[in-house]
Amino acid sequence: MAKPICSRFIHLEDSQDVANGSNGFKFRFISYNILAQVYVKSSYFQHSPSSCLKWKARSQAILMDFKNFDADFLCTQELDEYSTFYKSNMENLGYLSLYIKRSGQKRDGCGIFYKPSRNIRRTRLYILVHPQLGSGPGGHLRWSFEFEVHICVPNQSAGLSELKLSRKHQPDDPHVRLKRDCVGLLAAFQLNDSSNHIIVVANTHIYWDPNWADIKLAQAKYLLSRLSQFKELISNKFTCIPSVLVAGDFNSTPGDEVYRYLVSASEVAPIQLRSLYAAHGGEPTFTNCTPDFTGTLDYIFLSGSRLRAVSLLEMPGPESADVIGGLPNHHHPSDHLPIGADFSVLQSP
């Protein structure tokens with residue numbers, strides 16, 4: 001059986017100039033939709049060798065990828081089997097983790113793995129689930145919300161049930177269209193060095209259906225709205241200007257409205273983001289590769305002036321032997337490819 005491809009990071013031309021202005025702290029950041037095992041069906045992936053679709057082979061291949069990344073931050077989408085497999089195995093590799101399962105009947109979710117041994121410590125947690133404010137584990141602030149609109153009929157529980165039932169099969173109803181089971185995580189991490197710089201990390205997975213572009217855009221707007229609020233909370237709490245890194249599977253290509261909104265420089269967006277790869281030569285040719293669709297859906301965005309990329313995770317081209325025929329295969333355990341970079345923290349002005 002072929003072995004997974006080892007990750008290779010390509011140094012950027014201006015990395016030396018960046019290093020001269022840094023405080024010496026560097027970290028590696030990866031985003032990866034690992035393809036939840038619950039979605040791995042031979043009927044969906046007829047092009048893939050059956051042996052590489054089995055859980056035992058895939059789980060070990062993904063874990064090997066995680067180990068080879070040697071990342072300080074690892075944002076994952078379609079993460080299932082978290083409590084039964086990934087949590088403990090990643091702890092053995094030195095990682096702590098945050099996880100939120102998708103709402104409804106879905107079994108996967110979003111996770112952030114991070115290495116405290118690299119002088120990184122979490123300061124705040126913000127989980128995207130149901131609109132509710134409360135105290136999280138260990139006294140950490142925990143906000144949660146879902147990407148959906150709740151229909152409230154005060155003191156009419158029976159009427160509410162009937163309302164939900166009547167709208168169940170009406171996709172044109174905005175209440176139904178907005179009720180998706182997409183989730184994400186926001187967390188703040190403080191560098192345990194002389195800078196004490198804080199980095200806000202966001203990880204999410206936007207709705208998939210290409211025919212529901214309005215829902216994707218609504219989710220992206222909701223994400224940035226909450227991200228802006230969280231950044232402000234951190235700024236006020238710690239009297240600082242945190243850097244921001246946003247990762248995820250946005251199920252949108254670079255020409256789509258969601259992408260254009262996220263990188264827009266207008267005042268419409270509550271927070272100004274720039275795309276990591278676009279700023280250094282352009283987005284990858286693809287991050288998702290199957291016979292039915294090959295294109296870029298996964299991104300890392302950033303905000304602030306304190307972080308500079310010094311190297312990028314190399315992406316295969318369409319003629320690369322390891323992707324011909326489509327994914328997953330024995331080289332890549334997911335139908336998506338990981339993206340990532342090494343960052344240097346610049347000195348404060």
# chains A, B, ... in the order shown; residues from 1 in each chain; ligands from 1
call {"tool": "residues_around", "arguments": {"residues": "range 215-217 of chain A", "least_positions_apart": "2", "cutoff": "9 Å", "atoms": "only C-alpha atoms", "output": "list in words"}}
result
Arg177, Leu178, Arg180, Ile206, Tyr207, Trp208, Asp209, Pro210, Trp212, Ala213, Gln219, Ala220, Lys221, Tyr222, Phe250, Asn251, Ser252, Glu257, Val258, Tyr259 and Tyr261 of chain A
call {"tool": "write_last_selection", "arguments": {"atoms": "C-alpha atoms", "output": "compact mmCIF listing (two decimals), in the first residue's frame"}}
result
# COMPACT_ATOMS: atom_id res chain seq x y z
CA ARG A 177 -33.57 27.65 4.36
CA LEU A 178 -31.64 29.23 7.22
CA ARG A 180 -28.84 24.42 8.71
CA ILE A 206 -20.15 26.36 5.71
CA TYR A 207 -23.21 24.70 4.15
CA TRP A 208 -22.44 22.62 1.08
CA ASP A 209 -25.32 22.96 -1.42
CA PRO A 210 -24.25 25.07 -4.46
CA TRP A 212 -28.25 27.62 -1.74
CA ALA A 213 -25.72 30.40 -2.17
CA GLN A 219 -23.58 32.00 7.38
CA ALA A 220 -20.44 33.87 6.33
CA LYS A 221 -21.95 37.17 7.45
CA TYR A 222 -23.03 35.65 10.76
CA PHE A 250 -16.33 27.38 3.04
CA ASN A 251 -17.82 25.29 0.23
CA SER A 252 -17.30 28.28 -2.07
CA GLU A 257 -20.13 35.62 -3.40
CA VAL A 258 -19.05 34.14 -0.06
CA TYR A 259 -15.37 34.45 -0.95
CA TYR A 261 -17.57 39.02 0.86
call {"tool": "residues_around", "arguments": {"residues": "Ser225 in chain A", "least_positions_apart": "4", "cutoff": "12 Å", "atoms": "only C-alpha atoms", "output": "mmCIF file with N, CA, C and O atoms, in the first residue's frame"}}
result
data_model
loop_
_atom_site.group_PDB
_atom_site.id
_atom_site.type_symbol
_atom_site.label_atom_id
_atom_site.label_comp_id
_atom_site.auth_asym_id
_atom_site.auth_seq_id
_atom_site.Cartn_x
_atom_site.Cartn_y
_atom_site.Cartn_z
ATOM 1 N N LEU A 128 -19.629 28.034 18.523
ATOM 2 C CA LEU A 128 -20.757 28.397 17.683
ATOM 3 C C LEU A 128 -21.804 27.292 17.733
ATOM 4 O O LEU A 128 -21.721 26.306 17.010
ATOM 5 N N PHE A 145 -23.660 29.553 19.434
ATOM 6 C CA PHE A 145 -24.775 29.832 18.544
ATOM 7 C C PHE A 145 -24.722 28.916 17.335
ATOM 8 O O PHE A 145 -23.688 28.375 16.988
ATOM 9 N N PHE A 147 -25.840 28.420 13.120
ATOM 10 C CA PHE A 147 -26.173 29.156 11.922
ATOM 11 C C PHE A 147 -27.630 28.869 11.577
ATOM 12 O O PHE A 147 -27.934 28.119 10.665
ATOM 13 N N ALA A 218 -25.275 34.058 4.141
ATOM 14 C CA ALA A 218 -25.819 34.401 5.456
ATOM 15 C C ALA A 218 -24.948 33.828 6.565
ATOM 16 O O ALA A 218 -24.700 34.489 7.580
ATOM 17 N N GLN A 219 -24.454 32.610 6.389
ATOM 18 C CA GLN A 219 -23.581 32.001 7.381
ATOM 19 C C GLN A 219 -22.247 32.745 7.479
ATOM 20 O O GLN A 219 -21.721 32.964 8.573
ATOM 21 N N ALA A 220 -21.703 33.128 6.334
ATOM 22 C CA ALA A 220 -20.440 33.872 6.333
ATOM 23 C C ALA A 220 -20.601 35.211 7.041
ATOM 24 O O ALA A 220 -19.728 35.630 7.813
ATOM 25 N N LYS A 221 -21.711 35.889 6.802
ATOM 26 C CA LYS A 221 -21.954 37.173 7.453
ATOM 27 C C LYS A 221 -22.127 36.996 8.959
ATOM 28 O O LYS A 221 -21.655 37.799 9.759
ATOM 29 N N GLN A 229 -17.352 40.601 17.181
ATOM 30 C CA GLN A 229 -17.735 40.785 18.578
ATOM 31 C C GLN A 229 -16.724 40.132 19.516
ATOM 32 O O GLN A 229 -16.342 40.701 20.538
ATOM 33 N N PHE A 230 -16.303 38.930 19.158
ATOM 34 C CA PHE A 230 -15.352 38.200 20.004
ATOM 35 C C PHE A 230 -13.998 38.905 20.036
ATOM 36 O O PHE A 230 -13.362 39.019 21.089
ATOM 37 N N LYS A 231 -13.565 39.391 18.896
ATOM 38 C CA LYS A 231 -12.301 40.121 18.839
ATOM 39 C C LYS A 231 -12.356 41.368 19.727
ATOM 40 O O LYS A 231 -11.405 41.672 20.451
ATOM 41 N N GLU A 232 -13.489 42.056 19.683
ATOM 42 C CA GLU A 232 -13.635 43.247 20.512
ATOM 43 C C GLU A 232 -13.631 42.894 21.989
ATOM 44 O O GLU A 232 -13.043 43.606 22.819
ATOM 45 N N LEU A 262 -15.902 37.742 2.088
ATOM 46 C CA LEU A 262 -14.904 37.542 3.145
ATOM 47 C C LEU A 262 -13.644 38.375 2.927
ATOM 48 O O LEU A 262 -13.004 38.798 3.889
ATOM 49 N N VAL A 268 -18.746 47.108 4.513
ATOM 50 C CA VAL A 268 -19.879 46.201 4.715
ATOM 51 C C VAL A 268 -19.498 45.089 5.683
ATOM 52 O O VAL A 268 -20.263 44.734 6.586
ATOM 53 N N ALA A 269 -18.310 44.514 5.501
ATOM 54 C CA ALA A 269 -17.853 43.430 6.371
ATOM 55 C C ALA A 269 -17.403 44.005 7.711
ATOM 56 O O ALA A 269 -16.680 45.002 7.755
ATOM 57 N N PRO A 270 -17.793 43.381 8.831
ATOM 58 C CA PRO A 270 -17.432 43.898 10.159
ATOM 59 C C PRO A 270 -15.970 43.710 10.516
ATOM 60 O O PRO A 270 -15.490 44.304 11.476
ATOM 61 N N ILE A 271 -15.272 42.876 9.772
ATOM 62 C CA ILE A 271 -13.848 42.678 10.023
ATOM 63 C C ILE A 271 -13.159 42.461 8.682
ATOM 64 O O ILE A 271 -13.697 41.796 7.797
ATOM 65 N N GLN A 272 -12.005 43.052 8.508
ATOM 66 C CA GLN A 272 -11.293 42.998 7.233
ATOM 67 C C GLN A 272 -10.341 41.803 7.217
ATOM 68 O O GLN A 272 -9.459 41.691 8.065
#
call {"tool": "closest_atom_pairs", "arguments": {"of": "range 305-339 of chain A", "to": "range 37-51 of chain A", "cutoff": "12 Å", "atoms": "only C-alpha atoms", "output": "CSV"}}
result
residue,atom,partner,partner_atom,distance
A:Val323,CA,A:Ser48,CA,10.9
A:Ile324,CA,A:His47,CA,10.5
A:Gly325,CA,A:His47,CA,6.8
A:Gly326,CA,A:His47,CA,6.9
A:Leu327,CA,A:Ser48,CA,6.6
A:Pro328,CA,A:Ser48,CA,6.0
A:Asn329,CA,A:Ser48,CA,5.7
A:His330,CA,A:Pro49,CA,7.8
A:His331,CA,A:Ser48,CA,11.1
A:His332,CA,A:Ser48,CA,10.6
A:Pro333,CA,A:Ser48,CA,10.0
A:Ser334,CA,A:Val40,CA,9.4
A:Asp335,CA,A:Phe45,CA,9.1
call {"tool": "write_last_selection", "arguments": {"atoms": "N, CA and C atoms", "output": "mmCIF file, in the first residue's frame"}}
result
data_model
loop_
_atom_site.group_PDB
_atom_site.id
_atom_site.type_symbol
_atom_site.label_atom_id
_atom_site.label_comp_id
_atom_site.auth_asym_id
_atom_site.auth_seq_id
_atom_site.Cartn_x
_atom_site.Cartn_y
_atom_site.Cartn_z
ATOM 1 N N VAL A 323 -2.751 12.652 -6.982
ATOM 2 C CA VAL A 323 -4.161 13.063 -7.005
ATOM 3 C C VAL A 323 -4.892 12.580 -8.251
ATOM 4 N N ILE A 324 -4.178 12.010 -9.211
ATOM 5 C CA ILE A 324 -4.822 11.534 -10.439
ATOM 6 C C ILE A 324 -5.831 10.443 -10.104
ATOM 7 N N GLY A 325 -7.022 10.593 -10.642
ATOM 8 C CA GLY A 325 -8.093 9.632 -10.370
ATOM 9 C C GLY A 325 -9.027 10.091 -9.280
ATOM 10 N N GLY A 326 -8.617 11.109 -8.532
ATOM 11 C CA GLY A 326 -9.485 11.642 -7.487
ATOM 12 C C GLY A 326 -9.146 11.123 -6.107
ATOM 13 N N LEU A 327 -9.654 11.842 -5.097
ATOM 14 C CA LEU A 327 -9.426 11.515 -3.689
ATOM 15 C C LEU A 327 -10.735 11.049 -3.045
ATOM 16 N N PRO A 328 -10.637 10.292 -1.942
ATOM 17 C CA PRO A 328 -9.421 9.824 -1.265
ATOM 18 C C PRO A 328 -8.749 8.675 -2.007
ATOM 19 N N ASN A 329 -7.463 8.502 -1.695
ATOM 20 C CA ASN A 329 -6.706 7.379 -2.224
ATOM 21 C C ASN A 329 -5.663 6.980 -1.183
ATOM 22 N N HIS A 330 -4.710 6.182 -1.583
ATOM 23 C CA HIS A 330 -3.719 5.709 -0.606
ATOM 24 C C HIS A 330 -2.698 6.785 -0.237
ATOM 25 N N HIS A 331 -2.671 7.877 -0.968
ATOM 26 C CA HIS A 331 -1.782 8.988 -0.633
ATOM 27 C C HIS A 331 -2.468 10.019 0.250
ATOM 28 N N HIS A 332 -3.765 10.212 0.021
ATOM 29 C CA HIS A 332 -4.533 11.237 0.733
ATOM 30 C C HIS A 332 -5.816 10.597 1.287
ATOM 31 N N PRO A 333 -5.977 10.553 2.603
ATOM 32 C CA PRO A 333 -7.118 9.853 3.207
ATOM 33 C C PRO A 333 -8.440 10.604 3.141
ATOM 34 N N SER A 334 -8.430 11.849 2.663
ATOM 35 C CA SER A 334 -9.648 12.641 2.557
ATOM 36 C C SER A 334 -9.846 13.079 1.111
ATOM 37 N N ASP A 335 -11.062 13.492 0.789
ATOM 38 C CA ASP A 335 -11.301 14.056 -0.538
ATOM 39 C C ASP A 335 -10.854 15.514 -0.597
#
call {"tool": "closest_residue", "arguments": {"among": "A:Leu79, A:Met90, A:Leu297, A:Val345", "to": "Arg28 in chain A", "atoms": "only C-alpha atoms"}}
result
A:Val345
call {"tool": "atom_distance", "arguments": {"atom1": "CA of Glu314 in chain A", "atom2": "CA of Ile30 in chain A"}}
result
11.9 Å
call {"tool": "residues_around", "arguments": {"residues": "Ser348 in chain A", "least_positions_apart": "3", "cutoff": "12 Å", "atoms": "only C-alpha atoms", "output": "ChimeraX atom specification"}}
result
/A:21-23,194-198,240-243,304-307,345
call {"tool": "write_last_selection", "arguments": {"atoms": "all heavy atoms", "output": "CSV table (one decimal), in the first residue's frame"}}
result
chain,number,residue,atom,x,y,z
A,21,GLY,N,12.2,41.3,11.4
A,21,GLY,CA,11.3,42.2,12.2
A,21,GLY,C,10.5,41.4,13.2
A,21,GLY,O,9.6,42.0,13.8
A,22,SER,N,10.7,40.1,13.4
A,22,SER,CA,9.9,39.3,14.3
A,22,SER,C,10.4,39.3,15.7
A,22,SER,O,11.6,39.7,15.9
A,22,SER,CB,9.8,37.9,13.8
A,22,SER,OG,11.0,37.2,14.0
A,23,ASN,N,9.6,38.8,16.6
A,23,ASN,CA,10.1,38.7,18.0
A,23,ASN,C,10.7,37.3,18.3
A,23,ASN,O,10.9,37.0,19.4
A,23,ASN,CB,9.0,39.0,19.0
A,23,ASN,CG,7.9,38.0,19.0
A,23,ASN,OD1,8.0,37.0,18.2
A,23,ASN,ND2,6.8,38.2,19.7
A,194,SER,N,7.6,36.8,25.7
A,194,SER,CA,7.7,38.2,26.1
A,194,SER,C,6.6,39.1,25.5
A,194,SER,O,6.2,40.1,26.1
A,194,SER,CB,9.1,38.7,25.8
A,194,SER,OG,9.3,38.6,24.4
A,195,SER,N,6.1,38.7,24.3
A,195,SER,CA,5.1,39.5,23.6
A,195,SER,C,3.7,39.4,24.3
A,195,SER,O,2.9,40.4,24.2
A,195,SER,CB,5.0,39.2,22.2
A,195,SER,OG,4.4,37.9,22.0
A,196,ASN,N,3.4,38.2,24.8
A,196,ASN,CA,2.1,37.9,25.3
A,196,ASN,C,1.0,38.2,24.2
A,196,ASN,O,-0.2,38.6,24.6
A,196,ASN,CB,1.7,38.7,26.6
A,196,ASN,CG,2.5,38.2,27.8
A,196,ASN,OD1,2.6,36.9,27.9
A,196,ASN,ND2,3.0,39.0,28.6
A,197,HIS,N,1.4,38.1,23.0
A,197,HIS,CA,0.4,38.4,21.9
A,197,HIS,C,-0.7,37.4,21.9
A,197,HIS,O,-0.5,36.2,22.2
A,197,HIS,CB,1.2,38.4,20.6
A,197,HIS,CG,0.3,38.9,19.4
A,197,HIS,ND1,-0.3,40.1,19.4
A,197,HIS,CD2,-0.1,38.3,18.3
A,197,HIS,CE1,-1.0,40.3,18.3
A,197,HIS,NE2,-0.8,39.2,17.6
A,198,ILE,N,-1.9,37.9,21.5
A,198,ILE,CA,-3.1,37.0,21.5
A,198,ILE,C,-3.5,36.8,20.1
A,198,ILE,O,-3.6,37.8,19.2
A,198,ILE,CB,-4.2,37.7,22.3
A,198,ILE,CG1,-3.8,37.6,23.8
A,198,ILE,CG2,-5.5,36.9,22.1
A,198,ILE,CD1,-4.9,38.2,24.7
A,240,CYS,N,-5.5,44.9,24.2
A,240,CYS,CA,-4.6,44.6,23.1
A,240,CYS,C,-5.3,44.6,21.8
A,240,CYS,O,-6.6,44.8,21.7
A,240,CYS,CB,-4.1,43.1,23.3
A,240,CYS,SG,-5.3,41.9,23.2
A,241,ILE,N,-4.6,44.4,20.7
A,241,ILE,CA,-5.1,44.2,19.4
A,241,ILE,C,-4.8,42.8,18.9
A,241,ILE,O,-3.6,42.6,18.4
A,241,ILE,CB,-4.6,45.3,18.4
A,241,ILE,CG1,-4.9,46.7,18.9
A,241,ILE,CG2,-5.2,45.0,17.0
A,241,ILE,CD1,-4.4,47.8,18.0
A,242,PRO,N,-5.7,41.8,19.0
A,242,PRO,CA,-5.3,40.5,18.7
A,242,PRO,C,-5.2,40.2,17.2
A,242,PRO,O,-5.9,40.9,16.4
A,242,PRO,CB,-6.5,39.6,19.3
A,242,PRO,CG,-7.6,40.6,19.3
A,242,PRO,CD,-7.0,42.0,19.5
A,243,SER,N,-4.4,39.3,16.8
A,243,SER,CA,-4.4,38.9,15.4
A,243,SER,C,-5.5,37.9,15.2
A,243,SER,O,-6.0,37.3,16.2
A,243,SER,CB,-3.0,38.2,15.1
A,243,SER,OG,-2.0,39.1,15.2
A,304,GLY,N,-5.0,41.7,10.8
A,304,GLY,CA,-4.0,42.2,11.7
A,304,GLY,C,-2.6,42.4,11.0
A,304,GLY,O,-2.4,41.8,9.9
A,305,SER,N,-1.8,43.1,11.7
A,305,SER,CA,-0.4,43.4,11.1
A,305,SER,C,0.7,42.7,11.8
A,305,SER,O,1.9,42.8,11.4
A,305,SER,CB,-0.2,44.9,11.1
A,305,SER,OG,-0.2,45.4,12.5
A,306,ARG,N,0.4,41.8,12.8
A,306,ARG,CA,1.5,41.2,13.6
A,306,ARG,C,1.9,39.8,13.0
A,306,ARG,O,2.9,39.3,13.4
A,306,ARG,CB,1.0,41.1,15.0
A,306,ARG,CG,0.8,42.4,15.7
A,306,ARG,CD,2.1,43.1,16.1
A,306,ARG,NE,3.0,42.2,17.0
A,306,ARG,CZ,2.9,42.1,18.3
A,306,ARG,NH1,1.9,42.8,18.9
A,306,ARG,NH2,3.7,41.4,19.0
A,307,LEU,N,1.1,39.2,12.1
A,307,LEU,CA,1.4,37.9,11.6
A,307,LEU,C,1.9,38.0,10.2
A,307,LEU,O,1.3,38.7,9.4
A,307,LEU,CB,0.2,37.0,11.7
A,307,LEU,CG,-0.3,36.7,13.1
A,307,LEU,CD1,-1.5,35.7,13.0
A,307,LEU,CD2,0.7,36.2,14.1
A,345,VAL,N,5.7,36.0,14.3
A,345,VAL,CA,5.0,37.1,15.0
A,345,VAL,C,5.9,38.3,15.0
A,345,VAL,O,7.0,38.3,15.5
A,345,VAL,CB,4.7,36.7,16.4
A,345,VAL,CG1,4.0,37.8,17.2
A,345,VAL,CG2,3.8,35.4,16.5
call {"tool": "closest_residue", "arguments": {"among": "A:Lys115, A:Lys101, A:Lys87, A:Lys106", "to": "Asp70 in chain A", "atoms": "only C-alpha atoms"}}
result
A:Lys115
call {"tool": "residues_around", "arguments": {"residues": "Val244 in chain A", "least_positions_apart": "5", "cutoff": "7 Å", "atoms": "only C-alpha atoms", "output": "list in words"}}
result
Ile199, Val200, Val201, Leu302, Ser303 and Gly304 of chain A
call {"tool": "closest_residue", "arguments": {"among": "A:Glu283, A:Ser31, A:Asn236, A:Glu13", "to": "His336 in chain A", "atoms": "only C-alpha atoms"}}
result
A:Ser31
call {"tool": "closest_residue", "arguments": {"among": "A:Ile100, A:Ile120, A:Ala71, A:Leu224", "to": "Ser83 in chain A", "atoms": "only C-alpha atoms"}}
result
A:Ile100
call {"tool": "closest_residue", "arguments": {"among": "A:Cys52, A:Leu186, A:Gly295, A:His280", "to": "Gly255 in chain A", "atoms": "only C-alpha atoms"}}
result
A:Gly295
call {"tool": "select_by_dssp", "arguments": {"residues": "range 165-278 of chain A", "states": "strand (DSSP E)", "output": "JSON, numbers by chain"}}
result
{"A": [184, 185, 186, 187, 188, 189, 190, 191, 198, 199, 200, 201, 202, 203, 204, 205, 243, 244, 245, 246, 247, 248, 249, 274, 275]}
call {"tool": "atom_distance", "arguments": {"atom1": "CA of Ser275 in chain A", "atom2": "CA of Leu93 in chain A"}}
result
29.4 Å
call {"tool": "residues_around", "arguments": {"residues": "Tyr95 in chain A", "least_positions_apart": "6", "cutoff": "8 Å", "atoms": "only C-alpha atoms", "output": "MDAnalysis selection string"}}
result
chainID A and resid 113:116
call {"tool": "write_last_selection", "arguments": {"atoms": "N, CA, C and O atoms", "output": "compact mmCIF listing (two decimals), in the first residue's frame"}}
result
# COMPACT_ATOMS: atom_id res chain seq x y z
N PHE A 113 -7.07 21.57 17.44
CA PHE A 113 -6.03 20.94 18.24
C PHE A 113 -4.87 21.93 18.36
O PHE A 113 -4.50 22.58 17.38
N TYR A 114 -4.31 22.04 19.56
CA TYR A 114 -3.21 22.98 19.75
C TYR A 114 -2.22 22.41 20.75
O TYR A 114 -2.56 21.62 21.62
N LYS A 115 -0.95 22.83 20.60
CA LYS A 115 0.13 22.31 21.43
C LYS A 115 0.53 23.32 22.50
O LYS A 115 1.21 24.30 22.20
N PRO A 116 0.15 23.10 23.73
CA PRO A 116 0.55 24.03 24.80
C PRO A 116 2.05 23.99 25.06
O PRO A 116 2.61 24.94 25.61
call {"tool": "select_by_dssp", "arguments": {"residues": "range 196-268 of chain A", "states": "alpha helix (DSSP H)", "output": "number ranges by chain"}}
result
A: 213-238, 257-262
